[in-house]
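Here is the structure we will look at, set down as structure tokens.
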Amino acid sequence: MIIVTLNEDKYAYDIHSLVKAFYPQQEVKVFLEGTKELRSGEGLPAFFVRFEPAEIRVGARTEETGETPADTARPLWEGRTALQDPQDRVAVKNDLKRLLYAMLCELTHKELPWGALTGIRPVKMAMQLLEQGQTEDQIRRFMREAYLVSERKAALATEIAQRERRILSDIHYENGYSLYVGIPFCPTTCLYCSFTSYPIGAWKKRVSEYLDAMEKELDFVREAFSHKILDSVYIGGGTPTTLEPEELDRLLCAIEEKLDLSHTLEFTVEAGRADSITAEKLRVLKKHGVSRISVNPQTMNQETLQVIGRRHTVEQVREAFLLARREGFDNINMDLILGLPGEGTEQVANTMAQIRLLGPDNLTVHSLAVKRASRLSQWILENGISDLNNTDATMELAEQTARGMGMAPYYLYRQKNMSGNFENVGYAAPGKAGIYNILIMEEKEDIVALGAGVVSKRVYPDGRIERCDSVKEIAQYLERLDEMIERKRALFGG
């Protein structure tokens, strides 16, 4: 464990995120000095942050002295920075993060690809600067100087921001909305997953009740959004194709009957797991005008599939993909995760070679994120973190493969505790970018979300964003359905 003590309760989240990025294998605790009696592990540094009226001081010590940070005579590192504007909270936070980053770089002898940037939406920053009239060179320079972002990542964020602006040029920001429908069922729960999902076998008898709830929520959407244009629909999960064909048909019929889809630019369904895809289900999706689907292997290495709890084979992935092509789908996404247990450059190269042979239209490359709510956290306790490695080489290999297939990066986001402190990037062939993916990241228009464990967002003209969530437990969601609808009514009106 590594401790960080503060003399004032400020910016604990950002401090924790940055220290954790440099020490991913360690538990990190950030707390106000005098409130807890904790020590860093043997041989590990203990950090302190001190806020003064006109400056910030940070430092590191070893635990062997047993002294408090303030009294350590010979710390491992100590530095200070004068505050550019002590009254500006954002400026103070950035001053702190740059100083903290300098210390962590020196102590660990490494740098992070995203520098001191801890936010999950770096492209949103680049987009805002573009809208303010800044050039690409100015944006890249700002990201390097303000957040110490690497040249390569600053260039990637700026490239994607430009592409997103073009893709979203037809979106009805103020008069439009997008719909998310959450289907929280899966064949099994994957090792790394922290999403709201439950084994379909345990809920088979209540799927009809869940669809009843979906229809009631759709009635609310019809009422509250009748004056707005539905830009995109995204059915995710979970694994929506765990539903039987007749259940999928019922859900899609309800969406068609209750909402105006005449102006909808994109209709996505995550087919997801190969062991949930059948020709009959694909025909149902096609019949209802679904324009984009996902067939998500995460890896094309059989041994890894078994480790992460996927009960299907690599061959089934190929068969599912080719089946979707035969059924007429011309916009198929495939999700991959880099940094899975035991996977290095050789395994990633094998996956990318097999993906290239299939030729998807979209490729979403995730860097493994360790979530406390996932079984992966327990796996790490039992097996250690050394087998979870994502590197510049594997990220570059994925990027080169995608670009070599005629795809370009079109959206990007980051998560806490990402392997290698990298990012998730979506690549797409011309005209095949996932519109909803951009909207959920850039927060440009209202998104109303239906189902258990989902979050709706309202975007105001001044850029302010408000959210409301639904309870995660399916039984609770069904029992409190009216309350979930009222939460959305309070957020959106109607």
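Chain labels A, B, ... are given in the sequence in which chains occur in the structure tokens; within each chain residues are numbered consecutively from 1, and ligands are likewise numbered from 1 in the order shown.
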| Contact residues around stretch 352-361 of chain A with only C-alpha atoms at 6 Å, ignoring same-chain residues under 3 positions, as a PyMOL selection string | chain A and resi 331-333+349+428-429
| request: Check the DSSP output for the backbone and give back, as an MDAnalysis selection string, the residues of stretch 45-248 of chain A in helix (DSSP H, G or I). | output: chainID A and resid 63:65 69:71 89:108 122:131 136:147 151:170 200:224 240:242 245:248
Keeping C-alpha atoms, export the residues of the selection given above as a CSV table (one decimal), in the first residue's frame.
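And here's selection-v1.csv as it stands now:
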chain,number,residue,atom,x,y,z
A,63,GLU,CA,8.8,4.7,6.1
A,64,GLU,CA,12.0,3.5,7.7
A,65,THR,CA,12.4,6.9,9.6
A,69,PRO,CA,6.2,13.9,6.3
A,70,ALA,CA,6.5,17.4,7.5
A,71,ASP,CA,9.4,16.5,9.8
A,89,ARG,CA,-9.6,26.0,-8.6
A,90,VAL,CA,-8.9,24.5,-12.0
A,91,ALA,CA,-5.6,26.4,-12.3
A,92,VAL,CA,-4.6,25.2,-8.8
A,93,LYS,CA,-5.4,21.6,-9.6
A,94,ASN,CA,-3.3,21.7,-12.8
A,95,ASP,CA,-0.4,23.3,-10.9
A,96,LEU,CA,-0.6,20.5,-8.4
A,97,LYS,CA,-0.8,17.7,-11.0
A,98,ARG,CA,2.2,19.0,-12.9
A,99,LEU,CA,4.3,19.1,-9.7
A,100,LEU,CA,3.1,15.7,-8.6
A,101,TYR,CA,3.7,14.3,-12.0
A,102,ALA,CA,7.3,15.6,-12.0
A,103,MET,CA,8.0,13.9,-8.7
A,104,LEU,CA,6.4,10.6,-9.8
A,105,CYS,CA,8.4,10.6,-13.0
A,106,GLU,CA,11.7,11.1,-11.2
A,107,LEU,CA,11.0,8.5,-8.6
A,108,THR,CA,9.7,5.8,-10.9
A,122,PRO,CA,-9.3,14.1,-23.6
A,123,VAL,CA,-10.9,14.5,-27.0
A,124,LYS,CA,-13.7,16.6,-25.5
A,125,MET,CA,-11.0,19.1,-24.4
A,126,ALA,CA,-9.6,19.2,-28.0
A,127,MET,CA,-13.1,19.6,-29.4
A,128,GLN,CA,-13.8,22.6,-27.2
A,129,LEU,CA,-10.6,24.3,-28.2
A,130,LEU,CA,-11.4,23.7,-31.9
A,131,GLU,CA,-14.8,25.3,-31.4
A,136,GLU,CA,-4.5,21.9,-34.4
A,137,ASP,CA,-0.9,23.0,-33.6
A,138,GLN,CA,-2.2,25.2,-30.8
A,139,ILE,CA,-4.2,22.4,-29.3
A,140,ARG,CA,-1.4,20.0,-29.4
A,141,ARG,CA,0.9,22.5,-27.8
A,142,PHE,CA,-1.6,23.3,-25.1
A,143,MET,CA,-2.1,19.6,-24.2
A,144,ARG,CA,1.7,19.1,-24.0
A,145,GLU,CA,2.4,22.2,-21.9
A,146,ALA,CA,-0.7,22.2,-19.6
A,147,TYR,CA,-1.0,18.4,-19.1
A,151,GLU,CA,3.2,14.4,-28.7
A,152,ARG,CA,1.7,11.2,-30.1
A,153,LYS,CA,-1.4,11.2,-27.8
A,154,ALA,CA,-1.9,15.0,-28.3
A,155,ALA,CA,-1.9,14.4,-32.0
A,156,LEU,CA,-4.3,11.5,-31.7
A,157,ALA,CA,-6.8,13.5,-29.6
A,158,THR,CA,-6.7,16.4,-32.1
A,159,GLU,CA,-7.1,14.1,-35.1
A,160,ILE,CA,-10.1,12.5,-33.6
A,161,ALA,CA,-11.7,15.8,-32.5
A,162,GLN,CA,-11.5,17.1,-36.1
A,163,ARG,CA,-13.1,13.8,-37.4
A,164,GLU,CA,-15.8,13.9,-34.7
A,165,ARG,CA,-16.8,17.5,-35.7
A,166,ARG,CA,-17.4,16.3,-39.3
A,167,ILE,CA,-19.3,13.2,-38.3
A,168,LEU,CA,-21.6,15.1,-35.9
A,169,SER,CA,-22.3,17.9,-38.3
A,170,ASP,CA,-25.8,16.6,-39.0
A,200,ILE,CA,-29.5,-15.2,-18.5
A,201,GLY,CA,-30.2,-18.7,-17.1
A,202,ALA,CA,-31.2,-17.3,-13.7
A,203,TRP,CA,-33.6,-14.7,-15.2
A,204,LYS,CA,-35.2,-16.6,-18.1
A,205,LYS,CA,-38.6,-16.6,-16.4
A,206,ARG,CA,-38.6,-12.8,-15.8
A,207,VAL,CA,-37.4,-11.6,-19.2
A,208,SER,CA,-41.1,-11.0,-20.2
A,209,GLU,CA,-41.5,-8.8,-17.1
A,210,TYR,CA,-38.4,-6.9,-18.0
A,211,LEU,CA,-39.7,-6.2,-21.5
A,212,ASP,CA,-43.0,-5.1,-20.0
A,213,ALA,CA,-40.9,-2.5,-18.1
A,214,MET,CA,-39.1,-1.5,-21.3
A,215,GLU,CA,-42.5,-0.8,-23.0
A,216,LYS,CA,-43.6,1.3,-20.1
A,217,GLU,CA,-40.4,3.3,-20.2
A,218,LEU,CA,-40.8,3.7,-24.0
A,219,ASP,CA,-44.3,5.2,-23.3
A,220,PHE,CA,-42.6,7.9,-21.2
A,221,VAL,CA,-40.0,8.6,-24.0
A,222,ARG,CA,-42.8,8.9,-26.6
A,223,GLU,CA,-44.5,11.4,-24.3
A,224,ALA,CA,-41.5,13.4,-23.2
A,240,PRO,CA,-28.9,-8.1,-26.0
A,241,THR,CA,-28.8,-11.2,-28.2
A,242,THR,CA,-29.2,-13.4,-25.1
A,245,PRO,CA,-35.7,-14.2,-31.4
A,246,GLU,CA,-39.3,-13.6,-30.4
A,247,GLU,CA,-38.2,-11.5,-27.4
A,248,LEU,CA,-35.9,-9.4,-29.6
| field | Length of the atom CA of A:Pro24 to atom CA of A:Gly272 vector [Å] | value |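 The value is 29.1 Å.
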